[in-house]
Amino acid sequence: MKATCVISAKDLKTLLRGLNALVSEARLHFTDKGLRVRAVDAANVAMVIATVEPEVFEAYQTTEDDVVVGVDLDRLYDVCKSLDSKDIADIAITNEKLTVTSGSMTYTIAVIDPSAIRREPKIPELDLHAEVVIDASEFKKAIAAAEKVADEAIFEKTSKEFKIIAEGDVESVVYSADSYKLIEANSGEARAKFSVEYLKEFCKAAEGTIRIKLGTDYPCWLTFNIKDGFAIEYILAPRIEV
Amino acid sequence: MKATCVISAKDLKTLLRGLNALVSEARLHFTDKGLRVRAVDAANVAMVIATVEPEVFEAYQTTEDDVVVGVDLDRLYDVCKSLDSKDIADIAITNEKLTVTSGSMTYTIAVIDPSAIRREPKIPELDLHAEVVIDASEFKKAIAAAEKVADEAIFEKTSKEFKIIAEGDVESVVYSADSYKLIEANSGEARAKFSVEYLKEFCKAAEGTIRIKLGTDYPCWLTFNIKDGFAIEYILAPRIEV
Amino acid sequence: MKATCVISAKDLKTLLRGLNALVSEARLHFTDKGLRVRAVDAANVAMVIATVEPEVFEAYQTTEDDVVVGVDLDRLYDVCKSLDSKDIADIAITNEKLTVTSGSMTYTIAVIDPSAIRREPKIPELDLHAEVVIDASEFKKAIAAAEKVADEAIFEKTSKEFKIIAEGDVESVVYSADSYKLIEANSGEARAKFSVEYLKEFCKAAEGTIRIKLGTDYPCWLTFNIKDGFAIEYILAPRIEV
């Protein structure tokens, strides 16, 4: 056994769904400071970063500082999504396999040689000075509406408000929230355009609140604070007109 | 601004769904006596008539006696159907566009030149002397069952009961309600056959109660009383055997 | 009228769904000891046995010891599945047709000449000495998970536990329940492999508890005890490796 941990089935499903929203395979790092995952999608457009601190787990143990395991997220999420959210899940990792036990069910999946999976990307250093925090449910609603009229959405932050703008040929959808509606907002200003398709995928992991960091024509950095010690972050490259 | 009004998102969705059940485009008339819409489908088989009195709106204002605006109902309903039913919706109309604002979302859609949309039909004068009122939920159930066995349904009113009859090759479905079950019924008698496909579409707007007026081999006239001052009516031509 | 009976719409739907899970047509026997149905599927892999004692019906009457009626289960279940589970259903059978009346709806379907339907199979005598009783919901969960990784599932009973094992190429799913979790279990031991596709169909009728009888490389015998006097049983042939 290289690592074992116990986590609520609900959190496990949120984690796998959040990763699988962007990539089909990933390397999970069971480090002595908790679970860490970083991956970029095949098109190099977005990055996902998952952080699960040890305190999120009901039990957490690794035999090395950094136990790395390659997993097929499509398959793993497919079986795990039917776990009962009220159950807890025991995860056990060996050199050959990853096992999830929850209730009366045990799922075992062969692990993938980590070297066969694309290397983790570096987390970029970005100067994103505009920042807001909004309800995940509001964000989901805005992206769902945007999707109906366009395949791109503009995120616009002024000193007074935050907007998500989607413009179609004959129609447009605008989500707008002023400082009264926003959970948090700084005074930074920025504007950039993003793929609605990616944003929609990210919404799958949306729970609680979302911190959005922006810079003009820079990537956006979305942080989904699932709970204390558990975050899923996405960095999405902008679409830039030429 | 040519007209502005405020209506519950729930009522707006019901209205658009009811119109869109029959037509893709329509002229909305914001008159000084409320919103009025009349349209026939492309096949000339059915007519929809919507009436929303000023008191149904939380606010209602027009700059002319009859502000006419052409709208693409497919698109407008598609975006509006995701509005939160508990919200209210602000509608604003200019020469160029119709805007719906609800919660943090603003939808804007270019209006269509009314002259490009088929003219409103005259409301026919029909002598429909048989009349019943039934629960919309019962009507929906009857049409859903009829749809499984046939593409035509017979509406039959005798002095004692009202029936919806669908006959397939080896099976039949009959909804029947006597005066005890009917909310209202007069003594008129009539029998006519209708397309189940149309009836099924009309069911989308079904809420509350439905008044059904019939004449033998005449059109049926369905009035969906959504609430006081708000009605959606359909007039459906019969299928007549030769 | 050859037979008439009154049964809760819920029970009627469970019965039809359970039969239709395996066969498209069947002979219903309204005997003086209740309703009896037996049928095998076209591939001769499984048998369904339904038993509804007279006390399950609110009223039950036959004119002969054994009124046999052939029915098209695909059609009959299709219309009956939309019955309101809280309603009761009146069933009336003549030489020509079967009529179900529930609430305001009456369904009539032509009966099929029983001689045109495959004869009832004999119930096999099987020595199945391993036996467990589990919750239908647990069984459903196990089969749904098994389906994701394989098209065969092994049922394994030891003196200590009962397992449902599905093995895919790179993953496996195991349901396991010890005597503490099982509702009932004897000391018998057995192991046999079955088609997940069939098991999944049987799950449609799963309610309450399931009694599973096994013999090594023998058919399994599943008894769904819907309620006192009402059981649906399936006998499923094993898949045997050569």
# chains A, B, ... in the order shown; residues from 1 in each chain; ligands from 1
>>> residues_around(residues="C:Asp78", least_positions_apart="3", cutoff="10 Å", atoms="only C-alpha atoms", output="ChimeraX atom specification")
/B:145,148-149 /C:13,16-17,20,73-75,81-83
>>> calpha_fit_and_write(fixed="chain A", moving="chain C", output="compact mmCIF listing (two decimals) with C-alpha atoms, in the first residue's frame")
# COMPACT_ATOMS: atom_id res chain seq x y z
CA MET C 1 -0.02 -0.05 -0.05
CA LYS C 2 1.52 3.26 -1.11
CA ALA C 3 -1.22 5.56 0.16
CA THR C 4 -4.59 5.24 1.85
CA CYS C 5 -7.18 7.83 2.65
CA VAL C 6 -10.79 8.24 3.64
CA ILE C 7 -12.89 11.05 2.20
CA SER C 8 -16.61 11.78 1.95
CA ALA C 9 -18.07 10.32 -1.24
CA LYS C 10 -19.50 13.76 -1.97
CA ASP C 11 -16.05 15.39 -1.94
CA LEU C 12 -14.55 12.57 -3.97
CA LYS C 13 -17.21 13.00 -6.65
CA THR C 14 -16.73 16.78 -6.71
CA LEU C 15 -12.98 16.33 -7.11
CA LEU C 16 -13.23 13.78 -9.91
CA ARG C 17 -15.95 15.75 -11.70
CA GLY C 18 -13.85 18.89 -11.47
CA LEU C 19 -10.77 17.21 -12.92
CA ASN C 20 -12.70 15.26 -15.53
CA ALA C 21 -14.33 18.50 -16.71
CA LEU C 22 -10.98 19.32 -18.31
CA VAL C 23 -8.93 16.14 -18.73
CA SER C 24 -9.38 12.40 -19.23
CA GLU C 25 -6.26 11.34 -17.41
CA ALA C 26 -4.22 12.91 -14.66
CA ARG C 27 -1.49 12.25 -12.15
CA LEU C 28 -2.74 12.37 -8.60
CA HIS C 29 -0.06 13.34 -6.08
CA PHE C 30 -0.72 12.05 -2.62
CA THR C 31 1.88 14.24 -0.88
CA ASP C 32 2.56 14.60 2.80
CA LYS C 33 0.68 17.90 2.57
CA GLY C 34 -2.44 16.44 0.97
CA LEU C 35 -3.66 15.59 -2.48
CA ARG C 36 -2.45 17.74 -5.36
CA VAL C 37 -3.40 17.55 -9.02
CA ARG C 38 -2.43 19.77 -11.93
CA ALA C 39 -3.24 19.16 -15.56
CA VAL C 40 -3.71 20.99 -18.85
CA ASP C 41 -6.13 20.00 -21.55
CA ALA C 42 -5.00 18.61 -24.88
CA ALA C 43 -5.54 21.95 -26.63
CA ASN C 44 -3.38 23.79 -24.07
CA VAL C 45 -6.20 26.24 -23.44
CA ALA C 46 -6.88 25.58 -19.79
CA MET C 47 -5.32 24.22 -16.64
CA VAL C 48 -6.96 22.62 -13.62
CA ILE C 49 -5.42 22.69 -10.17
CA ALA C 50 -6.93 20.68 -7.36
CA THR C 51 -5.86 21.03 -3.76
CA VAL C 52 -7.21 18.83 -0.99
CA GLU C 53 -5.56 19.45 2.36
CA PRO C 54 -5.15 16.54 4.79
CA GLU C 55 -7.84 17.93 7.11
CA VAL C 56 -10.48 17.43 4.39
CA PHE C 57 -9.88 13.68 4.64
CA GLU C 58 -11.20 11.64 7.52
CA ALA C 59 -7.91 9.74 7.39
CA TYR C 60 -4.87 10.31 5.20
CA GLN C 61 -1.62 8.39 4.98
CA THR C 62 1.19 8.13 2.46
CA THR C 63 4.34 6.04 2.56
CA GLU C 64 6.38 8.60 0.66
CA ASP C 65 6.52 12.40 0.46
CA ASP C 66 4.88 12.28 -2.94
CA VAL C 67 3.03 9.16 -4.08
CA VAL C 68 2.17 9.72 -7.74
CA VAL C 69 -0.55 7.71 -9.40
CA GLY C 70 -1.83 8.00 -12.97
CA VAL C 71 -5.58 7.55 -13.34
CA ASP C 72 -8.12 7.28 -16.11
CA LEU C 73 -10.55 9.95 -14.92
CA ASP C 74 -13.25 9.09 -17.45
CA ARG C 75 -13.58 5.59 -16.02
CA LEU C 76 -12.96 6.45 -12.40
CA TYR C 77 -15.50 9.27 -12.38
CA ASP C 78 -18.01 7.14 -14.27
CA VAL C 79 -18.09 4.51 -11.55
CA CYS C 80 -17.68 6.89 -8.62
CA LYS C 81 -20.47 9.24 -9.65
CA SER C 82 -23.04 6.69 -8.54
CA LEU C 83 -21.64 6.57 -5.01
CA ASP C 84 -24.09 7.67 -2.39
CA SER C 85 -23.10 11.21 -1.41
CA LYS C 86 -23.87 10.45 2.22
CA ASP C 87 -21.36 7.59 2.32
CA ILE C 88 -17.66 7.84 2.92
CA ALA C 89 -15.10 6.42 0.50
CA ASP C 90 -11.92 4.55 1.35
CA ILE C 91 -9.18 4.97 -1.22
CA ALA C 92 -6.20 2.63 -1.34
CA ILE C 93 -3.32 2.90 -3.80
CA THR C 94 -0.72 0.30 -4.71
CA ASN C 95 1.75 0.17 -7.58
CA GLU C 96 -0.83 -1.57 -9.73
CA LYS C 97 -4.21 -0.29 -8.77
CA LEU C 98 -6.43 2.22 -7.10
CA THR C 99 -9.31 0.92 -5.01
CA VAL C 100 -12.33 2.85 -3.82
CA THR C 101 -14.53 1.21 -1.20
CA SER C 102 -17.79 2.84 -0.25
CA GLY C 103 -20.75 1.20 1.46
CA SER C 104 -20.94 -2.36 0.13
CA MET C 105 -19.22 -1.49 -3.16
CA THR C 106 -15.56 -1.81 -4.05
CA TYR C 107 -14.23 -0.36 -7.29
CA THR C 108 -10.77 -1.33 -8.45
CA ILE C 109 -9.06 0.25 -11.41
CA ALA C 110 -5.61 -0.35 -12.84
CA VAL C 111 -3.43 2.69 -12.47
CA ILE C 112 -1.64 4.22 -15.44
CA ASP C 113 2.11 4.62 -15.49
CA PRO C 114 2.50 8.30 -14.56
CA SER C 115 5.24 8.71 -17.16
CA ALA C 116 2.65 7.92 -19.85
CA ILE C 117 0.64 10.95 -18.81
CA ARG C 118 1.52 14.44 -19.89
CA ARG C 119 3.71 16.19 -17.35
CA GLU C 120 2.16 18.65 -14.94
CA PRO C 121 2.28 22.22 -16.21
CA LYS C 122 3.95 24.98 -14.25
CA ILE C 123 1.47 27.27 -12.59
CA PRO C 124 1.88 30.52 -14.50
CA GLU C 125 2.64 33.77 -12.74
CA LEU C 126 -0.03 36.16 -13.84
CA ASP C 127 -0.69 39.72 -12.85
CA LEU C 128 -4.47 39.59 -12.50
CA HIS C 129 -5.41 42.68 -10.60
CA ALA C 130 -9.21 42.60 -11.01
CA GLU C 131 -10.97 40.26 -8.66
CA VAL C 132 -14.53 39.32 -7.68
CA VAL C 133 -16.23 36.58 -5.71
CA ILE C 134 -19.70 35.44 -6.81
CA ASP C 135 -22.12 32.67 -6.00
CA ALA C 136 -21.46 29.52 -8.01
CA SER C 137 -25.19 29.28 -8.79
CA GLU C 138 -25.18 32.79 -10.31
CA PHE C 139 -22.13 31.94 -12.37
CA LYS C 140 -23.73 28.76 -13.64
CA LYS C 141 -26.87 30.63 -14.62
CA ALA C 142 -24.87 33.28 -16.47
CA ILE C 143 -22.82 30.72 -18.41
CA ALA C 144 -25.90 28.62 -19.24
CA ALA C 145 -27.60 31.73 -20.64
CA ALA C 146 -24.47 32.83 -22.51
CA GLU C 147 -24.23 29.42 -24.14
CA LYS C 148 -27.60 29.94 -25.78
CA VAL C 149 -26.49 32.94 -27.78
CA ALA C 150 -22.74 32.70 -28.38
CA ASP C 151 -19.64 30.56 -28.05
CA GLU C 152 -17.61 33.33 -26.48
CA ALA C 153 -18.24 35.35 -23.35
CA ILE C 154 -16.62 38.57 -22.24
CA PHE C 155 -15.76 38.95 -18.57
CA GLU C 156 -15.70 42.64 -17.75
CA LYS C 157 -14.78 44.14 -14.44
CA THR C 158 -15.07 47.87 -13.82
CA SER C 159 -14.59 49.65 -10.55
CA LYS C 160 -18.32 49.39 -10.02
CA GLU C 161 -19.52 46.11 -11.42
CA PHE C 162 -18.76 42.72 -12.93
CA LYS C 163 -20.34 41.58 -16.18
CA ILE C 164 -20.45 38.43 -18.25
CA ILE C 165 -21.45 39.39 -21.78
CA ALA C 166 -22.38 37.04 -24.61
CA GLU C 167 -23.26 38.49 -27.96
CA GLY C 168 -24.97 36.58 -30.74
CA ASP C 169 -25.98 37.85 -34.15
CA VAL C 170 -29.39 39.14 -33.18
CA GLU C 171 -29.38 38.74 -29.44
CA SER C 172 -27.24 39.17 -26.37
CA VAL C 173 -27.19 38.04 -22.80
CA VAL C 174 -25.59 40.05 -20.05
CA TYR C 175 -25.07 39.03 -16.46
CA SER C 176 -24.22 42.02 -14.35
CA ALA C 177 -23.63 42.39 -10.66
CA ASP C 178 -22.72 45.56 -8.81
CA SER C 179 -20.76 45.70 -5.58
CA TYR C 180 -23.98 45.24 -3.68
CA LYS C 181 -24.62 41.87 -5.33
CA LEU C 182 -21.01 40.68 -5.43
CA ILE C 183 -19.75 38.77 -2.42
CA GLU C 184 -16.38 40.47 -2.82
CA ALA C 185 -14.82 42.83 -5.34
CA ASN C 186 -11.68 44.92 -5.52
CA SER C 187 -11.29 48.12 -7.52
CA GLY C 188 -9.31 46.54 -10.38
CA GLU C 189 -10.54 46.87 -13.96
CA ALA C 190 -10.13 44.30 -16.74
CA ARG C 191 -11.80 42.82 -19.77
CA ALA C 192 -11.15 39.57 -21.62
CA LYS C 193 -13.00 37.09 -23.78
CA PHE C 194 -13.28 33.34 -23.14
CA SER C 195 -14.62 30.16 -24.68
CA VAL C 196 -18.10 29.40 -23.36
CA GLU C 197 -17.51 25.70 -23.97
CA TYR C 198 -14.71 25.60 -21.42
CA LEU C 199 -16.57 27.75 -18.93
CA LYS C 200 -19.55 25.43 -19.17
CA GLU C 201 -17.35 22.44 -18.37
CA PHE C 202 -15.93 24.24 -15.35
CA CYS C 203 -19.47 24.83 -14.10
CA LYS C 204 -19.72 21.10 -13.43
CA ALA C 205 -17.50 21.60 -10.40
CA ALA C 206 -19.25 24.78 -9.32
CA GLU C 207 -20.33 24.72 -5.70
CA GLY C 208 -20.30 27.36 -3.03
CA THR C 209 -18.55 30.48 -4.25
CA ILE C 210 -16.18 31.29 -7.09
CA ARG C 211 -13.29 33.70 -6.97
CA ILE C 212 -12.59 35.15 -10.41
CA LYS C 213 -9.30 36.95 -11.15
CA LEU C 214 -8.95 38.87 -14.37
CA GLY C 215 -6.48 40.96 -16.39
CA THR C 216 -7.22 42.62 -19.71
CA ASP C 217 -6.68 40.03 -22.46
CA TYR C 218 -5.10 37.79 -19.85
CA PRO C 219 -6.24 34.37 -18.71
CA CYS C 220 -8.92 34.23 -16.07
CA TRP C 221 -8.29 32.32 -12.90
CA LEU C 222 -11.33 30.72 -11.35
CA THR C 223 -11.11 29.34 -7.83
CA PHE C 224 -13.96 27.13 -6.68
CA ASN C 225 -13.74 27.02 -2.92
CA ILE C 226 -15.55 23.77 -2.35
CA LYS C 227 -14.89 23.88 1.38
CA ASP C 228 -12.06 24.79 3.78
CA GLY C 229 -8.91 23.12 2.49
CA PHE C 230 -10.51 21.91 -0.74
CA ALA C 231 -10.27 24.03 -3.88
CA ILE C 232 -10.53 23.41 -7.58
CA GLU C 233 -8.97 26.10 -9.76
CA TYR C 234 -9.10 26.63 -13.48
CA ILE C 235 -6.89 28.93 -15.49
CA LEU C 236 -8.37 29.63 -18.90
CA ALA C 237 -6.54 31.35 -21.76
CA PRO C 238 -8.37 34.30 -23.33
CA ARG C 239 -9.49 34.55 -26.90
CA ILE C 240 -7.78 37.52 -28.40
CA GLU C 241 -8.98 39.27 -31.52
CA VAL C 242 -6.41 40.26 -34.10
>>> select_by_dssp(residues="stretch 46-149 of chain C", states="alpha helix (DSSP H)", output="VMD selection string")
chain C and resid 73 to 80 136 to 149
>>> write_last_selection(atoms="C-alpha atoms", output="JSON list (two decimals), in the first residue's frame")
[["chain", "number", "residue", "atom", "x", "y", "z"],
["C", 73, "LEU", "CA", -47.11, -6.48, -22.82],
["C", 74, "ASP", "CA", -45.18, -3.80, -24.71],
["C", 75, "ARG", "CA", -48.39, -1.95, -25.51],
["C", 76, "LEU", "CA", -50.23, -2.68, -22.30],
["C", 77, "TYR", "CA", -47.34, -1.58, -20.11],
["C", 78, "ASP", "CA", -46.76, 1.49, -22.26],
["C", 79, "VAL", "CA", -50.24, 2.83, -21.60],
["C", 80, "CYS", "CA", -50.50, 1.60, -18.01],
["C", 136, "ALA", "CA", -33.61, -4.54, -3.75],
["C", 137, "SER", "CA", -31.94, -1.11, -3.67],
["C", 138, "GLU", "CA", -28.56, -2.68, -2.86],
["C", 139, "PHE", "CA", -29.00, -5.20, -5.65],
["C", 140, "LYS", "CA", -29.87, -2.46, -8.12],
["C", 141, "LYS", "CA", -26.82, -0.47, -7.12],
["C", 142, "ALA", "CA", -24.56, -3.50, -7.52],
["C", 143, "ILE", "CA", -25.92, -4.37, -10.96],
["C", 144, "ALA", "CA", -25.76, -0.74, -12.14],
["C", 145, "ALA", "CA", -22.10, -0.60, -11.09],
["C", 146, "ALA", "CA", -21.32, -3.99, -12.62],
["C", 147, "GLU", "CA", -22.81, -2.84, -15.92],
["C", 148, "LYS", "CA", -20.21, -0.11, -16.17],
["C", 149, "VAL", "CA", -17.28, -2.48, -16.27]]
>>> decode(residues="stretch 27-113 of chain C", atoms="C-alpha atoms", output="mmCIF file, in the first residue's frame")
data_model
loop_
_atom_site.group_PDB
_atom_site.id
_atom_site.type_symbol
_atom_site.label_atom_id
_atom_site.label_comp_id
_atom_site.auth_asym_id
_atom_site.auth_seq_id
_atom_site.Cartn_x
_atom_site.Cartn_y
_atom_site.Cartn_z
ATOM 1 C CA ARG C 27 -50.494 -15.491 -21.327
ATOM 2 C CA LEU C 28 -52.126 -14.229 -18.176
ATOM 3 C CA HIS C 29 -53.959 -16.926 -16.231
ATOM 4 C CA PHE C 30 -56.747 -15.604 -14.088
ATOM 5 C CA THR C 31 -57.219 -18.787 -12.041
ATOM 6 C CA ASP C 32 -59.459 -19.366 -9.083
ATOM 7 C CA LYS C 33 -56.323 -19.077 -6.957
ATOM 8 C CA GLY C 34 -55.234 -15.722 -8.360
ATOM 9 C CA LEU C 35 -53.268 -14.437 -11.304
ATOM 10 C CA ARG C 36 -50.442 -16.599 -12.610
ATOM 11 C CA VAL C 37 -47.993 -15.845 -15.399
ATOM 12 C CA ARG C 38 -45.002 -17.822 -16.644
ATOM 13 C CA ALA C 39 -42.911 -17.023 -19.675
ATOM 14 C CA VAL C 40 -39.446 -17.550 -21.123
ATOM 15 C CA ASP C 41 -37.605 -15.081 -23.279
ATOM 16 C CA ALA C 42 -36.963 -15.696 -26.955
ATOM 17 C CA ALA C 43 -33.349 -16.711 -26.303
ATOM 18 C CA ASN C 44 -34.405 -19.309 -23.713
ATOM 19 C CA VAL C 45 -32.046 -17.763 -21.191
ATOM 20 C CA ALA C 46 -34.495 -16.676 -18.529
ATOM 21 C CA MET C 47 -37.950 -17.345 -17.170
ATOM 22 C CA VAL C 48 -40.314 -15.027 -15.338
ATOM 23 C CA ILE C 49 -42.943 -16.264 -12.921
ATOM 24 C CA ALA C 50 -45.522 -13.895 -11.515
ATOM 25 C CA THR C 51 -47.866 -14.818 -8.710
ATOM 26 C CA VAL C 52 -50.608 -12.522 -7.483
ATOM 27 C CA GLU C 53 -52.826 -14.100 -4.850
ATOM 28 C CA PRO C 54 -56.508 -13.111 -4.695
ATOM 29 C CA GLU C 55 -55.970 -11.140 -1.466
ATOM 30 C CA VAL C 56 -53.686 -8.684 -3.309
ATOM 31 C CA PHE C 57 -56.699 -7.624 -5.389
ATOM 32 C CA GLU C 58 -59.405 -5.416 -3.993
ATOM 33 C CA ALA C 59 -61.860 -7.591 -5.912
ATOM 34 C CA TYR C 60 -61.234 -10.697 -7.993
ATOM 35 C CA GLN C 61 -63.634 -12.833 -9.988
ATOM 36 C CA THR C 62 -63.299 -15.398 -12.753
ATOM 37 C CA THR C 63 -65.977 -17.352 -14.565
ATOM 38 C CA GLU C 64 -63.763 -20.392 -15.049
ATOM 39 C CA ASP C 65 -61.021 -22.131 -13.061
ATOM 40 C CA ASP C 66 -58.432 -20.775 -15.453
ATOM 41 C CA VAL C 67 -59.246 -17.844 -17.723
ATOM 42 C CA VAL C 68 -56.304 -17.501 -20.109
ATOM 43 C CA VAL C 69 -55.703 -14.276 -21.962
ATOM 44 C CA GLY C 70 -52.852 -13.425 -24.331
ATOM 45 C CA VAL C 71 -51.571 -9.869 -24.054
ATOM 46 C CA ASP C 72 -49.138 -7.603 -25.830
ATOM 47 C CA LEU C 73 -47.107 -6.478 -22.818
ATOM 48 C CA ASP C 74 -45.176 -3.800 -24.714
ATOM 49 C CA ARG C 75 -48.387 -1.951 -25.508
ATOM 50 C CA LEU C 76 -50.228 -2.681 -22.303
ATOM 51 C CA TYR C 77 -47.336 -1.577 -20.106
ATOM 52 C CA ASP C 78 -46.758 1.495 -22.255
ATOM 53 C CA VAL C 79 -50.236 2.829 -21.595
ATOM 54 C CA CYS C 80 -50.501 1.603 -18.011
ATOM 55 C CA LYS C 81 -47.203 3.074 -16.864
ATOM 56 C CA SER C 82 -48.737 6.534 -16.876
ATOM 57 C CA LEU C 83 -51.495 5.513 -14.465
ATOM 58 C CA ASP C 84 -51.426 7.398 -11.222
ATOM 59 C CA SER C 85 -49.906 5.049 -8.646
ATOM 60 C CA LYS C 86 -52.380 6.264 -6.040
ATOM 61 C CA ASP C 87 -55.363 5.207 -8.161
ATOM 62 C CA ILE C 88 -56.904 1.792 -8.369
ATOM 63 C CA ALA C 89 -57.358 -0.052 -11.653
ATOM 64 C CA ASP C 90 -60.349 -2.089 -12.758
ATOM 65 C CA ILE C 91 -59.480 -4.876 -15.157
ATOM 66 C CA ALA C 92 -62.138 -6.590 -17.259
ATOM 67 C CA ILE C 93 -61.495 -9.432 -19.685
ATOM 68 C CA THR C 94 -63.711 -10.739 -22.467
ATOM 69 C CA ASN C 95 -62.948 -13.068 -25.351
ATOM 70 C CA GLU C 96 -61.920 -10.109 -27.473
ATOM 71 C CA LYS C 97 -60.373 -7.542 -25.232
ATOM 72 C CA LEU C 98 -58.817 -6.509 -21.980
ATOM 73 C CA THR C 99 -59.963 -3.241 -20.439
ATOM 74 C CA VAL C 100 -58.226 -1.270 -17.723
ATOM 75 C CA THR C 101 -60.181 1.550 -16.101
ATOM 76 C CA SER C 102 -58.429 3.865 -13.696
ATOM 77 C CA GLY C 103 -59.549 7.319 -12.629
ATOM 78 C CA SER C 104 -61.159 8.934 -15.680
ATOM 79 C CA MET C 105 -59.170 6.837 -18.157
ATOM 80 C CA THR C 106 -60.182 3.611 -19.857
ATOM 81 C CA TYR C 107 -57.670 1.622 -21.886
ATOM 82 C CA THR C 108 -58.906 -1.157 -24.117
ATOM 83 C CA ILE C 109 -56.610 -3.530 -25.931
ATOM 84 C CA ALA C 110 -57.410 -6.462 -28.173
ATOM 85 C CA VAL C 111 -56.297 -9.710 -26.617
ATOM 86 C CA ILE C 112 -54.058 -12.132 -28.486
ATOM 87 C CA ASP C 113 -55.117 -15.695 -29.133
#
